[in-house]
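All remarks here apply to the structure that follows.
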Amino acid sequence: MTTPVLRSHAENQFADELAVLARHDDKPKPPNWKLSPWAVATYLLGGTAGGMPITPKYIGLRRIIEIAIATLATDRALLLLGVPGTAKSWVAEHLAAAISGDSTLLVQGTAGTAEEAVRYGWNYAQLLAKGPSLDALVPSPIMRGMREGRIARVEELTRIPADVQDALITILSEKSLPIPELGDEVQARKGFNVIATANDRDKGVNDLSSALKRRFNTVVLPLPDSVDEEVEIVRTRVASLGRALEIPAEPPALEAIRRLVIIFRELRAGATADGKTKLKSPSGTLSTAEAISVVNQGLSLAAHFGDGSLRASDIASSVIGAVIKDPVQDKVVWQEYLETVIKERDGWKDLYRACRDVS
Amino acid sequence: MSVHILGIRHHGPGSARSVVTALEAIRPQVVLVEGPPDADDLLALAAQMEMRPPVALLVYRPDEPKRAVFYPFAAFSPEWQAIRWALKNAVPVRFMDLPQRHRLAEECEEEDTERLHGDPFAMIAEAAGYSDGERWWEDQFEKRHAGPEVFEAVLELMTALREGTPTNAAEGRREAWMRQTLREAQKQGHERIAVVCGAWHAPALATMPTAKADAETLRGLPKCAVAATWLPWTHRRLTYVSGYGAGIQSPGYYEHLWALVQPVELATRWMTRVAHLLRAEDLESSTASIIEATRLAETAAVLRGFTVPGLAEFNEAAQAVFCFGDSAPMQLIAERLIVGDVLGAVPEEAPQVPLQRDFQKETKRLRLPPEALDRTLELDLRKPNDLDRSQLLHRLRLLKVEWGKPMSARGKGTFRETWHLCWEPELEVALIETAPWGNTIAEAATRFTIERGSHCSALPELTALVEVLLLAELPEAVDRVMHQLENQAALTSDIGHLMDALPPLAAVLRYGNVRQTDASMVGHIVNGLVARICAGLPPACTALNDDAASEMFMRLNATHSALANLADETLRAGWNSTLLQLADDDTLHGLLVGRCTRLLLDEAKIDADTAATRLSRHLSRANAPAQSAAWIEGFLAGSGLVLLHQARLWNLLDGWLGSLTADHFTEVLPLLRRTFSTFAPPERRQMGELARRGTGAPTTMAVPVDEDIEQDRADRLLPTFALLLGATP
């Protein structure tokens, strides 16, 4: 008996949307693309195809997605850059699913990623038994992508050590991968391309060499544009997460979420929402994902120790925990914010007091 | 007889090109251009070699220079091209709009129709899904037709657009005047007439009502005297709203479009210019990147359904390819390429600008004629005329017209100012350069200072600006720059800068100044500054070396005395608790801890016993002697009276000195000597006497007792006090 997988790939989860888009796609397709660039844009940004609604996968600026797709259509590798929690991997996965119908060609970048993961490895049993041959070769996802003319993904490119990163240079400029051991090479077929994601805020990352940088078009995924948009993202995600974790508290008041989102956005942007006062930004990123976890934490505090409804005091401590990542600098940032903004805002007195009590 | 109405897009390079083609085809005998007929005499200057766009026609009321209108022209403005064409071909050219001598005569500012409706092309372009009107024009007209028939299409389009939109009275008058000018040209027997006007007005000129109706509309218009001149303009100023409706956002890019000989080279040339700019700024941009950026821009344009890429695609491609996603270099591209830093030029024959006139008026009023001789001017700010003079000189300083240099005033009193005056011919040029900022010195100084303030990236710079600004009495600029200061204060992580900004502001708040600045505004900023200083000071004081500590020591003193002058208990409470926190932190530099302790003692926030305990703790043997000596320096610097009055402190210090070993004593001696040398000689003498006696003498404090006061003798002093304080008895 097979149990359902915890999380299915994009191309499986949205198989019917992709099928409908493909059926009604009459625009020219680049070689080996499953959909035309226009259909890929519709898939990511939502719309309708043949009367069927396509759910938006990415809520945000249309032009960003258009530039990303145009990049891939010009055979240039795409680098999605952004702070954590801006849906980089999500966009990469869906782009690969829509363009190649396959989002599984994935190299996860870590500090320990070796060159084999980017180029190829060897099956040592085979190698010893039969000597070097194509059979003994273990292709990397990228090599497979080249052979099959599909999109390969590299997650967290900047976490990969610099010397391993540079293995990508030949692949991206020559579109071929030499195998000196066999005196052979793999040449990429049309449709092959690389989507990499990287985090520009993280500390201790390996910056890309300029040789490699030049082979990517860089698209920055921003944090959500408006308060309403972000409140909506937080609300829906909290609702679904709350269900999964079986938190018994009543659904969070929209007002509480709104205040939280405003705090996060203001600190992130370094200015108050009305643009009148500038603020210092803390060292952390304060992503939407963190706002979600603060609300969740507050909800469970309210459920287990409070009266069940989300109060200012329930979120105060987790807000402070989220904001103050560096005990010295961020503390100053937070205190300034607390004293100059929260304190003076109408109707925020309870939050101010709660935060004062905690800090 | 034929009339050709060329409805154009103001500042549209596409329109300009179409206008030139159309004029070549029509060969009109007279050209009528939308613009102020008041400046008809100046049109001939446009043909001169020295005239280099961007330039602007300025029409203003000499009696009230603030009432002025600018008509800017760039090389790519259709009006400019029409004027140049006419002058080159010796065809008479005339302006045809309602003259400003009538428009400026009206009491209230009229609503500009263009501003009212917005750029009609921008509206259509937006409706058609284009990022800007120029691109729409390019796609719709440039690519398809190249002949004068473009303007027939524009006319039709505008007729449709204007249907159902009521014409307001001001607009009706302007169009009536245009029609009258047209009739007059017809009456003069010109066979072929070309009319170059904003597309919005084209339908009104195409169908003519009776001349009588128009004459009726124009009857009894008010009238005033106006003057007109040419001014050099800049691309940056083109982005502002002025004369011809809304400003344009991308004059540099339009210039590029206009200068383009081969339309197919649009993308490559633009991208190459971007690359060259970035290269000049030491940012990486290879030829390969130009190729990739061009390809990306073109592909993105196709994806969006456009035949050619526009500025939006160029920017996005440049950011993705050249800037690696970074938006900071895009700012550079926007400033230097998309807007551009082109400065126009005007022939010398052009009349004077209003700022010069205002300057002359002011100097005459204040009896302060510009002289080439060096001279020193003493001002007493209590006299109105002198106060105005001082304001004028400070405003000119803000405008970087360095006529007067402030000197340190002799004698005491904030009402005295000394200036060193010297008028140089270059200052006239400086004055004209600042002319675009406003028509009066006050207005120009206000705008210019706001602009300068918005570019200040460091707090000290801004603080310096504020100090001059407060003296120049420009409330609007004070508002904005103060706001800017507040923002910078929020951003700066340098507590030192914050502390430096506080004393001048606190002084303004405490004493007002002779010039009545808005105190609540300053109060708000001071509150914010103090909150930030209190929050940031403890971390900023950690791990300082001797030099940094003595710098901080000076700032602590300055901040403390600034706050001491403010009678704001909450601020002082916050500050005192910060001082307490610092005084409690033994890991800080001794100088600072000692100072904080002293300040708290003076404020009576801690009593003498606590101070003694602290002194004893800091003088204990576990501390390095140098650290202890630094503490003493911090504690005692400036005045040693506390030692004379508090025997316990004296004894503790005495004991500590006695307990030092010979080596240690030699080590700390310079520090102690430095500290004690700051005391007044009588204090030192008293201390010496105290030391000879061996132990600290019991202190006696003079406490005033009511019976001691002799009412009669005290009363006799009161008139003198009243005189000193300036109160009327």
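For the structure tokens, the naming scheme is as follows: chains receive sequential letters (A, B, ...) according to their order of presentation, residues are indexed from 1 within each chain, and ligands are indexed from 1 in presentation order.
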Inset, instruction - as a PyMOL selection string, list the residues of region 63-273 of chain A assigned to alpha helix (DSSP H) by DSSP on the backbone atoms of this structure. - result: chain A and resi 63-73+88-100+115-118+124-130+141-148+162-165+167-174+210-213+227-245+254-269
Inset, instruction - Give me the residues within 7 Å of Trp230 (chain B) as a PyMOL selection string, counting only C-alpha atoms and dropping any in the same chain fewer than 6 places off. - result: chain B and resi 55-58+346+350
For N, CA and C atoms, I'd like the residues from the last selection saved as a PDB file, in the first residue's frame.
```pdb
ATOM      1  N   VAL B  55      16.494  75.133 -22.943  1.00  0.00           N
ATOM      2  CA  VAL B  55      16.336  76.502 -22.489  1.00  0.00           C
ATOM      3  C   VAL B  55      14.870  76.690 -22.117  1.00  0.00           C
ATOM      4  N   ALA B  56      14.587  77.790 -21.468  1.00  0.00           N
ATOM      5  CA  ALA B  56      13.192  78.032 -21.122  1.00  0.00           C
ATOM      6  C   ALA B  56      12.851  79.489 -21.376  1.00  0.00           C
ATOM      7  N   LEU B  57      11.636  79.696 -21.833  1.00  0.00           N
ATOM      8  CA  LEU B  57      11.112  81.054 -21.944  1.00  0.00           C
ATOM      9  C   LEU B  57      10.461  81.363 -20.613  1.00  0.00           C
ATOM     10  N   LEU B  58      10.797  82.514 -20.086  1.00  0.00           N
ATOM     11  CA  LEU B  58      10.219  82.894 -18.810  1.00  0.00           C
ATOM     12  C   LEU B  58       9.376  84.135 -19.017  1.00  0.00           C
ATOM     13  N   VAL B 346      22.251  80.326 -23.185  1.00  0.00           N
ATOM     14  CA  VAL B 346      21.414  81.392 -23.717  1.00  0.00           C
ATOM     15  C   VAL B 346      22.329  82.528 -24.168  1.00  0.00           C
ATOM     16  N   ALA B 350      19.943  88.082 -24.055  1.00  0.00           N
ATOM     17  CA  ALA B 350      18.705  87.769 -23.347  1.00  0.00           C
ATOM     18  C   ALA B 350      18.548  88.675 -22.135  1.00  0.00           C
TER      19      ALA B 350
END
```
Once you count only C-alpha atoms, what closest atom pair and distance in Å to one decimal does each residue of chain A within 8 Å of chain B have, with rows by chain and rising residue number, as a Markdown table?
```
| residue | atom | partner | partner_atom | distance |
| --- | --- | --- | --- | --- |
| A:Pro37 | CA | B:Leu303 | CA | 7.0 |
| A:Trp38 | CA | B:Leu303 | CA | 6.6 |
| A:Glu66 | CA | B:Ala300 | CA | 6.7 |
| A:Ile67 | CA | B:Ala300 | CA | 6.0 |
| A:Ala70 | CA | B:Ala300 | CA | 5.1 |
| A:Thr71 | CA | B:Leu296 | CA | 6.0 |
| A:Ala73 | CA | B:Thr299 | CA | 7.5 |
| A:Thr74 | CA | B:Leu296 | CA | 6.6 |
| A:Leu81 | CA | B:Gly325 | CA | 7.3 |
| A:Lys213 | CA | B:Phe324 | CA | 7.2 |
| A:Arg214 | CA | B:Ser289 | CA | 7.3 |
| A:Phe216 | CA | B:Val321 | CA | 7.2 |
| A:Asn217 | CA | B:Ala320 | CA | 4.9 |
| A:Thr218 | CA | B:Ala320 | CA | 4.4 |
| A:Val219 | CA | B:Gly325 | CA | 5.3 |
| A:Val220 | CA | B:Gly325 | CA | 5.4 |
| A:Gly270 | CA | B:Leu491 | CA | 8.0 |
| A:Thr277 | CA | B:Asn487 | CA | 5.7 |
| A:Lys278 | CA | B:Asn487 | CA | 4.7 |
| A:Leu279 | CA | B:Ala490 | CA | 5.1 |
| A:Lys280 | CA | B:Leu491 | CA | 5.2 |
| A:Val328 | CA | B:Pro539 | CA | 7.1 |
| A:Val332 | CA | B:Ala535 | CA | 5.8 |
| A:Gln335 | CA | B:Ala535 | CA | 6.6 |
| A:Glu336 | CA | B:Arg532 | CA | 6.0 |
| A:Glu339 | CA | B:Ala531 | CA | 7.2 |
| A:Thr340 | CA | B:Gly528 | CA | 6.7 |
```
Only C-alpha atoms, please: the residues just picked out, written as a PDB file, in the first residue's frame.
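Here's the written file part-v7.pdb:
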```pdb
ATOM      1  CA  PRO A  37       6.743  31.815 -22.728  1.00  0.00           C
ATOM      2  CA  TRP A  38       3.274  33.414 -22.629  1.00  0.00           C
ATOM      3  CA  GLU A  66       8.328  38.268 -17.315  1.00  0.00           C
ATOM      4  CA  ILE A  67      12.003  39.144 -17.116  1.00  0.00           C
ATOM      5  CA  ALA A  70      12.535  36.202 -21.093  1.00  0.00           C
ATOM      6  CA  THR A  71      15.938  35.368 -19.627  1.00  0.00           C
ATOM      7  CA  ALA A  73      14.036  32.162 -23.484  1.00  0.00           C
ATOM      8  CA  THR A  74      17.296  33.837 -24.491  1.00  0.00           C
ATOM      9  CA  LEU A  81      18.180  36.555  -5.723  1.00  0.00           C
ATOM     10  CA  LYS A 213      28.082  36.220 -12.247  1.00  0.00           C
ATOM     11  CA  ARG A 214      28.374  37.395 -15.811  1.00  0.00           C
ATOM     12  CA  PHE A 216      23.632  34.746 -15.115  1.00  0.00           C
ATOM     13  CA  ASN A 217      20.877  37.270 -15.523  1.00  0.00           C
ATOM     14  CA  THR A 218      19.960  38.266 -12.027  1.00  0.00           C
ATOM     15  CA  VAL A 219      16.374  38.824 -10.986  1.00  0.00           C
ATOM     16  CA  VAL A 220      15.682  40.034  -7.472  1.00  0.00           C
ATOM     17  CA  GLY A 270      13.599  51.435   7.474  1.00  0.00           C
ATOM     18  CA  THR A 277       9.893  58.900   9.788  1.00  0.00           C
ATOM     19  CA  LYS A 278      12.939  56.874   8.938  1.00  0.00           C
ATOM     20  CA  LEU A 279      14.025  54.004  11.111  1.00  0.00           C
ATOM     21  CA  LYS A 280      16.993  51.771  11.534  1.00  0.00           C
ATOM     22  CA  VAL A 328      23.547  44.681  20.873  1.00  0.00           C
ATOM     23  CA  VAL A 332      18.976  49.595  20.055  1.00  0.00           C
ATOM     24  CA  GLN A 335      14.093  50.272  21.594  1.00  0.00           C
ATOM     25  CA  GLU A 336      14.168  53.235  19.265  1.00  0.00           C
ATOM     26  CA  GLU A 339       9.853  54.534  21.910  1.00  0.00           C
ATOM     27  CA  THR A 340       9.514  56.640  18.793  1.00  0.00           C
TER      28      THR A 340
END
```
Legend entry - Close residues, Lys223 (chain B) itself excluded, 6 Å, only C-alpha atoms, min 2 positions apart in chain, as a list in words: Arg101, His102 and Ala105 of chain B
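Taking CA of Pro180 (chain A) and CA of Ser133 (chain A) as endpoints, the distance between them is 11.4 Å.
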Legend entry - Residues within 10 Å of Pro504 (chain B), only C-alpha atoms, excluding chain neighbours under 4 positions, as a list in words: Thr463, Ala464, Val466, Glu467, Leu470, Asp500, Val508, Leu509, Arg510 and Ala562 of chain B
Legend entry - All residues 9 Å or closer to Leu278 (chain B), only C-alpha atoms, same chain fewer than 3 positions away omitted, as a list in words: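 In the requested form, the answer reads Arg273, Val274, Ala275, Glu281, Asp282, Leu283, Glu284, Ser285, Phe322, Pro329, Leu332 and Ile333 of chain B.
Summary of the local environment: counting only C-alpha atoms, residues at most 9 Å from Leu212 (chain A), other than itself and those fewer than 5 positions away along its chain, are Gln165, Asp166, Leu168, Ile169 and Leu172 of chain A.
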Inset, instruction - Identify, on the basis of only C-alpha atoms, every residue whose closest approach to Ala289 (chain A) does not exceed 9 Å; exclude the query and any residue fewer than 6 positions from it along the same chain; express the result as a ChimeraX atom specification. - result: /A:84-86,234,237
Go ahead and dump the residues you just picked, N, CA and C atoms, as an mmCIF file, in the first residue's frame.
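Saved result, result.cif, follows:
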```
data_model
loop_
_atom_site.group_PDB
_atom_site.id
_atom_site.type_symbol
_atom_site.label_atom_id
_atom_site.label_comp_id
_atom_site.auth_asym_id
_atom_site.auth_seq_id
_atom_site.Cartn_x
_atom_site.Cartn_y
_atom_site.Cartn_z
ATOM 1 N N PRO A 84 15.672 35.568 2.494
ATOM 2 C CA PRO A 84 14.924 34.332 2.731
ATOM 3 C C PRO A 84 13.428 34.619 2.828
ATOM 4 N N GLY A 85 12.647 33.660 2.373
ATOM 5 C CA GLY A 85 11.193 33.791 2.501
ATOM 6 C C GLY A 85 10.564 34.623 1.414
ATOM 7 N N THR A 86 11.237 34.778 0.260
ATOM 8 C CA THR A 86 10.613 35.540 -0.818
ATOM 9 C C THR A 86 10.219 34.640 -1.981
ATOM 10 N N VAL A 234 0.066 36.123 5.021
ATOM 11 C CA VAL A 234 0.228 35.635 6.398
ATOM 12 C C VAL A 234 -1.052 34.964 6.871
ATOM 13 N N ARG A 237 -1.646 31.484 5.191
ATOM 14 C CA ARG A 237 -0.666 30.486 5.616
ATOM 15 C C ARG A 237 -0.884 30.115 7.074
#
```
